[in-house]
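For reference, the structure is listed below as structure tokens.
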Amino acid sequence: MNEARPPALDREAAAVLIEPLTEIVIRAGAAILAVNRSAMKVDGKTDGSPVTEADLAADRIIAEGLARVVPEIPTLSEERVQTLALPYMESFFLIDPLDGTKEFVAGRNEFTVNLALVTQGTPLLGIISAPALGLIWRGIVGRGAERLTLGNGKPLVEPIRTRPCPPRGQPWTVAVSRSHGDARTEAFIAARPRAVRCELGSAVKLGRVAEGSVDIYPRLSPTSEWDIAAGHAVVAAAGGKITDSTGAALQFGTGRTGFIVPEFIAWGDPKAMES
Ligand SMILES: Nc1ncnc2c1ncn2[C@@H]1O[C@H](COP(=O)(O)O)[C@@H](OP(=O)(O)O)[C@H]1O
Ligand SMILES: [Mg+2]
């Protein structure tokens, strides 16, 4: 018997979806902002990371929204990993409903809603929303990226591009995690003197690479596929590249143990990989 396989969505299909997907992400962000952080309950997950009612509310809105807009495409969310049947070789949505939960719990504003459309193991479309900053970075690989600034009326939409990396020895700006430091990342930064460090929480770091306000974001310690899939698409759409430390491409949804990404480097300027 032939089982119906979910379709592989291409760039044109992604372009049709980007507005309704952005709307879903904006609604998820509003639900997060509606949670009273000083009164909410914070639970621990099995991996030791926190989860709150805001993570779950955002996850619910995204799941319902995707089921309405694109019911034929499978979804994988940080909060629902147990519902999976890997590998997904066609298209699927990869979601982190609240990335930077530690920042959120600590009362800081650097947390994001991340939504990626992955086709054949590579993120094709990405949306990173930072609701407390009123910013959204989004893009489709091969079609460009943009930053939306949300206000009371229509959002301000600006095209974005990564920037050329300064030559070695000149000051360069490196995004680093506010909450998760590690020795390998520090050694990478120390090997290129005159770094200006920019400490940020969540996938805001990948948004800043994509818009060209930082040069690079090395993370030579583990994260998960849902932490970086949306940013992977936005950075690539804006002219950058994400690789492992050998320069090899990353794969998503192919059944890696626990969806762990052992390391990555987000290069604003892919030419900087050669220096
Ligand atoms: N050892 C580890 N393994 C997997 N993911 C990790 C990790 N340490 C941190 N992370 C992930 O990194 C994200 C936070 O990154 P940052 O420090 O840049 O803000 C967290 O996402 P969540 O907040 O969605 O759980 C967390 O899951
Ligand atoms: Mg995360």
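Chains: A, B, ... in order of the structure tokens. Residues: from 1 per chain. Ligands: from 1, in order shown.
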What are the nearest atom pairs, with distances in Å to one decimal, for all residues of chain A that come at most 7 Å from ligand 1, using only C-alpha atoms and all ligand atoms, set out by chain and rising residue number as a tab-separated table?
```
residue	atom	partner	partner_atom_place_in_ligand_line	distance
A:Ser49	CA	ligand 1	25 (O)	5.7
A:Pro50	CA	ligand 1	25 (O)	6.7
A:Asp96	CA	ligand 1	24 (O)	6.0
A:Leu98	CA	ligand 1	24 (O)	5.4
A:Asp99	CA	ligand 1	24 (O)	3.4
A:Gly100	CA	ligand 1	23 (O)	3.4
A:Thr101	CA	ligand 1	23 (O)	3.9
A:Lys102	CA	ligand 1	23 (O)	5.9
A:Glu103	CA	ligand 1	19 (O)	6.9
A:Ser177	CA	ligand 1	18 (O)	4.1
A:Arg178	CA	ligand 1	17 (O)	5.6
A:Ser179	CA	ligand 1	17 (O)	4.6
A:His180	CA	ligand 1	17 (O)	4.6
A:Leu200	CA	ligand 1	18 (O)	6.8
A:Gly201	CA	ligand 1	19 (O)	3.7
A:Ser202	CA	ligand 1	19 (O)	3.5
A:Ala203	CA	ligand 1	18 (O)	6.6
A:Ser221	CA	ligand 1	1 (N)	6.9
A:Pro222	CA	ligand 1	3 (N)	4.5
A:Thr223	CA	ligand 1	5 (N)	3.4
A:Ser224	CA	ligand 1	5 (N)	4.9
A:Asp227	CA	ligand 1	21 (O)	5.9
A:Ile260	CA	ligand 1	4 (C)	6.0
```
Checklist entry - Using the chain letters and numbers from this document, which residues of range 49-235 of chain A does DSSP assign to helix (DSSP H, G or I), as a ChimeraX atom specification? => result /A:53-69,78-83,101-105,183-190,204-210,225-235
Just-selected residues, N, CA and C atoms written as a compact mmCIF listing (two decimals), in the first residue's frame:
```txt
# COMPACT_ATOMS: atom_id res chain seq x y z
N GLU A 53 4.53 28.31 31.83
CA GLU A 53 3.22 28.34 31.15
C GLU A 53 3.32 29.14 29.85
N ALA A 54 4.28 30.06 29.76
CA ALA A 54 4.44 30.85 28.53
C ALA A 54 4.93 29.96 27.38
N ASP A 55 5.91 29.06 27.67
CA ASP A 55 6.38 28.11 26.63
C ASP A 55 5.19 27.32 26.10
N LEU A 56 4.35 26.84 27.03
CA LEU A 56 3.27 25.93 26.63
C LEU A 56 2.16 26.69 25.90
N ALA A 57 1.88 27.92 26.34
CA ALA A 57 0.85 28.72 25.65
C ALA A 57 1.28 29.03 24.22
N ALA A 58 2.54 29.41 24.06
CA ALA A 58 3.05 29.72 22.71
C ALA A 58 3.03 28.46 21.84
N ASP A 59 3.41 27.34 22.42
CA ASP A 59 3.42 26.08 21.67
C ASP A 59 2.03 25.73 21.17
N ARG A 60 1.03 25.92 22.05
CA ARG A 60 -0.36 25.60 21.68
C ARG A 60 -0.83 26.46 20.52
N ILE A 61 -0.54 27.75 20.58
CA ILE A 61 -0.98 28.67 19.51
C ILE A 61 -0.33 28.29 18.18
N ILE A 62 0.95 27.96 18.22
CA ILE A 62 1.65 27.61 16.98
C ILE A 62 1.10 26.29 16.43
N ALA A 63 0.90 25.31 17.31
CA ALA A 63 0.39 24.01 16.85
C ALA A 63 -0.99 24.18 16.20
N GLU A 64 -1.86 24.96 16.85
CA GLU A 64 -3.20 25.16 16.30
C GLU A 64 -3.14 25.94 14.99
N GLY A 65 -2.30 26.95 14.95
CA GLY A 65 -2.17 27.78 13.74
C GLY A 65 -1.66 26.96 12.57
N LEU A 66 -0.63 26.16 12.79
CA LEU A 66 -0.07 25.35 11.69
C LEU A 66 -1.08 24.30 11.23
N ALA A 67 -1.83 23.74 12.18
CA ALA A 67 -2.82 22.72 11.81
C ALA A 67 -3.91 23.33 10.92
N ARG A 68 -4.17 24.61 11.12
CA ARG A 68 -5.19 25.31 10.33
C ARG A 68 -4.64 25.70 8.96
N VAL A 69 -3.42 26.24 8.93
CA VAL A 69 -2.88 26.83 7.69
C VAL A 69 -2.24 25.77 6.79
N GLU A 78 9.99 21.79 20.31
CA GLU A 78 10.76 21.47 21.51
C GLU A 78 9.85 20.90 22.59
N GLU A 79 8.62 21.39 22.66
CA GLU A 79 7.73 20.95 23.74
C GLU A 79 6.97 19.67 23.41
N ARG A 80 7.16 19.16 22.17
CA ARG A 80 6.41 17.94 21.80
C ARG A 80 7.32 16.98 21.03
N VAL A 81 8.53 16.76 21.48
CA VAL A 81 9.46 15.91 20.73
C VAL A 81 9.01 14.46 20.72
N GLN A 82 8.22 14.08 21.71
CA GLN A 82 7.86 12.67 21.83
C GLN A 82 6.88 12.23 20.74
N THR A 83 6.31 13.18 19.97
CA THR A 83 5.31 12.80 18.96
C THR A 83 5.94 12.52 17.59
N THR A 101 14.34 30.69 27.56
CA THR A 101 13.44 30.66 28.73
C THR A 101 14.15 31.22 29.98
N LYS A 102 15.46 30.93 30.08
CA LYS A 102 16.21 31.46 31.25
C LYS A 102 16.15 32.98 31.29
N GLU A 103 16.29 33.60 30.11
CA GLU A 103 16.25 35.08 30.05
C GLU A 103 14.85 35.56 30.44
N PHE A 104 13.86 34.84 29.92
CA PHE A 104 12.46 35.19 30.19
C PHE A 104 12.18 35.12 31.70
N VAL A 105 12.62 34.02 32.32
CA VAL A 105 12.38 33.83 33.75
C VAL A 105 13.12 34.90 34.56
N ALA A 183 34.38 26.78 27.23
CA ALA A 183 35.81 27.00 26.99
C ALA A 183 36.16 26.97 25.50
N ARG A 184 35.53 26.08 24.71
CA ARG A 184 35.89 26.00 23.29
C ARG A 184 35.51 27.29 22.55
N THR A 185 34.34 27.81 22.87
CA THR A 185 33.93 29.07 22.23
C THR A 185 34.89 30.19 22.62
N GLU A 186 35.26 30.21 23.89
CA GLU A 186 36.18 31.26 24.35
C GLU A 186 37.53 31.15 23.65
N ALA A 187 38.00 29.90 23.41
CA ALA A 187 39.29 29.71 22.72
C ALA A 187 39.19 30.19 21.27
N PHE A 188 38.05 29.93 20.64
CA PHE A 188 37.83 30.40 19.26
C PHE A 188 37.90 31.94 19.21
N ILE A 189 37.29 32.58 20.17
CA ILE A 189 37.29 34.06 20.20
C ILE A 189 38.70 34.59 20.49
N ALA A 190 39.38 33.91 21.43
CA ALA A 190 40.72 34.37 21.82
C ALA A 190 41.72 34.23 20.67
N VAL A 204 18.09 35.78 19.30
CA VAL A 204 18.35 37.20 18.98
C VAL A 204 19.76 37.30 18.38
N LYS A 205 20.68 36.46 18.85
CA LYS A 205 22.06 36.50 18.32
C LYS A 205 22.08 36.24 16.82
N LEU A 206 21.27 35.28 16.38
CA LEU A 206 21.25 34.96 14.94
C LEU A 206 20.57 36.08 14.15
N GLY A 207 19.56 36.71 14.75
CA GLY A 207 18.94 37.88 14.10
C GLY A 207 19.96 39.00 13.92
N ARG A 208 20.79 39.20 14.93
CA ARG A 208 21.80 40.28 14.85
C ARG A 208 22.87 39.96 13.80
N VAL A 209 23.22 38.67 13.63
CA VAL A 209 24.14 38.30 12.55
C VAL A 209 23.47 38.62 11.20
N ALA A 210 22.20 38.22 11.07
CA ALA A 210 21.50 38.39 9.79
C ALA A 210 21.36 39.87 9.41
N GLU A 225 18.37 21.40 17.67
CA GLU A 225 18.00 21.82 16.31
C GLU A 225 16.97 22.94 16.30
N TRP A 226 15.99 22.90 17.23
CA TRP A 226 14.96 23.93 17.23
C TRP A 226 15.49 25.29 17.69
N ASP A 227 16.64 25.31 18.38
CA ASP A 227 17.22 26.60 18.79
C ASP A 227 17.75 27.39 17.59
N ILE A 228 18.16 26.67 16.54
CA ILE A 228 18.90 27.38 15.49
C ILE A 228 18.32 27.22 14.07
N ALA A 229 17.27 26.37 13.91
CA ALA A 229 16.78 26.13 12.54
C ALA A 229 16.26 27.42 11.89
N ALA A 230 15.45 28.19 12.62
CA ALA A 230 14.91 29.42 12.04
C ALA A 230 16.04 30.40 11.72
N GLY A 231 16.96 30.54 12.67
CA GLY A 231 18.10 31.45 12.45
C GLY A 231 18.98 30.99 11.30
N HIS A 232 19.10 29.68 11.14
CA HIS A 232 19.89 29.12 10.03
C HIS A 232 19.32 29.65 8.71
N ALA A 233 17.99 29.59 8.57
CA ALA A 233 17.36 30.07 7.32
C ALA A 233 17.52 31.58 7.17
N VAL A 234 17.33 32.32 8.27
CA VAL A 234 17.38 33.79 8.16
C VAL A 234 18.81 34.26 7.83
N VAL A 235 19.79 33.65 8.50
CA VAL A 235 21.19 34.03 8.24
C VAL A 235 21.56 33.70 6.79
```
Checklist entry - Would you give me, as number ranges by chain, the residues in range 24-267 of chain A that DSSP reads as strand (DSSP E)? => result A: 42-44, 50-52, 75-77, 91-99, 112-119, 122-130, 135-140, 144-149, 156-160, 172-177, 195-200, 216-219, 223-224, 241-243, 260-261, 264-267
Next on the checklist: Please list as number ranges by chain every residue within 10 Å of Leu250 in chain A, counting only C-alpha atoms and excluding residues in the same chain fewer than 2 positions away.
Outcome noted: A: 121-123, 225, 229, 232, 242-244, 247-248, 252, 261, 263-264
Residues from last step as file, N, CA and C atoms, as a PDB file, in the first residue's frame:
```pdb
ATOM      1  N   GLY A 121      16.157  18.360   4.968  1.00  0.00           N
ATOM      2  CA  GLY A 121      17.225  18.479   5.953  1.00  0.00           C
ATOM      3  C   GLY A 121      17.826  19.863   6.111  1.00  0.00           C
ATOM      4  N   THR A 122      17.359  20.837   5.312  1.00  0.00           N
ATOM      5  CA  THR A 122      17.928  22.188   5.385  1.00  0.00           C
ATOM      6  C   THR A 122      16.818  23.220   5.602  1.00  0.00           C
ATOM      7  N   PRO A 123      16.990  24.127   6.577  1.00  0.00           N
ATOM      8  CA  PRO A 123      15.972  25.166   6.770  1.00  0.00           C
ATOM      9  C   PRO A 123      15.853  26.068   5.537  1.00  0.00           C
ATOM     10  N   GLU A 225      18.369  21.404  17.675  1.00  0.00           N
ATOM     11  CA  GLU A 225      18.003  21.817  16.309  1.00  0.00           C
ATOM     12  C   GLU A 225      16.972  22.942  16.303  1.00  0.00           C
ATOM     13  N   ALA A 229      17.274  26.374  13.910  1.00  0.00           N
ATOM     14  CA  ALA A 229      16.777  26.131  12.543  1.00  0.00           C
ATOM     15  C   ALA A 229      16.262  27.419  11.893  1.00  0.00           C
ATOM     16  N   HIS A 232      19.097  29.680  11.145  1.00  0.00           N
ATOM     17  CA  HIS A 232      19.885  29.123  10.032  1.00  0.00           C
ATOM     18  C   HIS A 232      19.323  29.648   8.712  1.00  0.00           C
ATOM     19  N   ILE A 242      25.802  29.037   8.180  1.00  0.00           N
ATOM     20  CA  ILE A 242      26.063  28.353   9.449  1.00  0.00           C
ATOM     21  C   ILE A 242      26.676  26.992   9.134  1.00  0.00           C
ATOM     22  N   THR A 243      27.798  26.704   9.787  1.00  0.00           N
ATOM     23  CA  THR A 243      28.507  25.444   9.564  1.00  0.00           C
ATOM     24  C   THR A 243      28.913  24.869  10.924  1.00  0.00           C
ATOM     25  N   ASP A 244      29.514  23.668  10.903  1.00  0.00           N
ATOM     26  CA  ASP A 244      30.185  23.214  12.121  1.00  0.00           C
ATOM     27  C   ASP A 244      31.612  23.764  12.095  1.00  0.00           C
ATOM     28  N   GLY A 247      33.610  23.499   8.902  1.00  0.00           N
ATOM     29  CA  GLY A 247      33.060  24.135   7.693  1.00  0.00           C
ATOM     30  C   GLY A 247      31.974  23.299   7.036  1.00  0.00           C
ATOM     31  N   ALA A 248      31.607  22.159   7.653  1.00  0.00           N
ATOM     32  CA  ALA A 248      30.573  21.290   7.061  1.00  0.00           C
ATOM     33  C   ALA A 248      29.177  21.821   7.378  1.00  0.00           C
ATOM     34  N   PHE A 252      19.110  18.869   9.526  1.00  0.00           N
ATOM     35  CA  PHE A 252      18.021  18.966  10.514  1.00  0.00           C
ATOM     36  C   PHE A 252      16.985  17.872  10.258  1.00  0.00           C
ATOM     37  N   VAL A 261      22.670  19.624  18.437  1.00  0.00           N
ATOM     38  CA  VAL A 261      23.665  20.184  17.515  1.00  0.00           C
ATOM     39  C   VAL A 261      24.925  20.391  18.362  1.00  0.00           C
ATOM     40  N   GLU A 263      27.831  21.658  17.927  1.00  0.00           N
ATOM     41  CA  GLU A 263      28.568  22.931  17.783  1.00  0.00           C
ATOM     42  C   GLU A 263      28.121  23.587  16.482  1.00  0.00           C
ATOM     43  N   PHE A 264      28.278  24.878  16.415  1.00  0.00           N
ATOM     44  CA  PHE A 264      28.073  25.567  15.128  1.00  0.00           C
ATOM     45  C   PHE A 264      28.750  26.922  15.159  1.00  0.00           C
TER      46      PHE A 264
END
```
Contact residues around range 144-159 of chain A with only C-alpha atoms at 7 Å, ignoring same-chain residues under 4 positions, as a compact mmCIF listing (two decimals) with C-alpha atoms, in the first residue's frame:
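Writing done, so here's result.txt:
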```
# COMPACT_ATOMS: atom_id res chain seq x y z
CA GLY A 134 9.13 44.33 19.06
CA LEU A 135 11.37 42.80 16.38
CA ILE A 136 11.03 39.97 13.87
CA TRP A 137 13.77 38.66 11.60
CA ARG A 138 12.56 36.46 8.77
CA GLY A 139 13.77 35.11 5.46
CA ILE A 140 13.54 32.51 2.72
CA VAL A 234 17.38 33.79 8.16
CA ALA A 237 18.76 34.25 3.34
CA ALA A 238 20.66 37.37 4.44
```
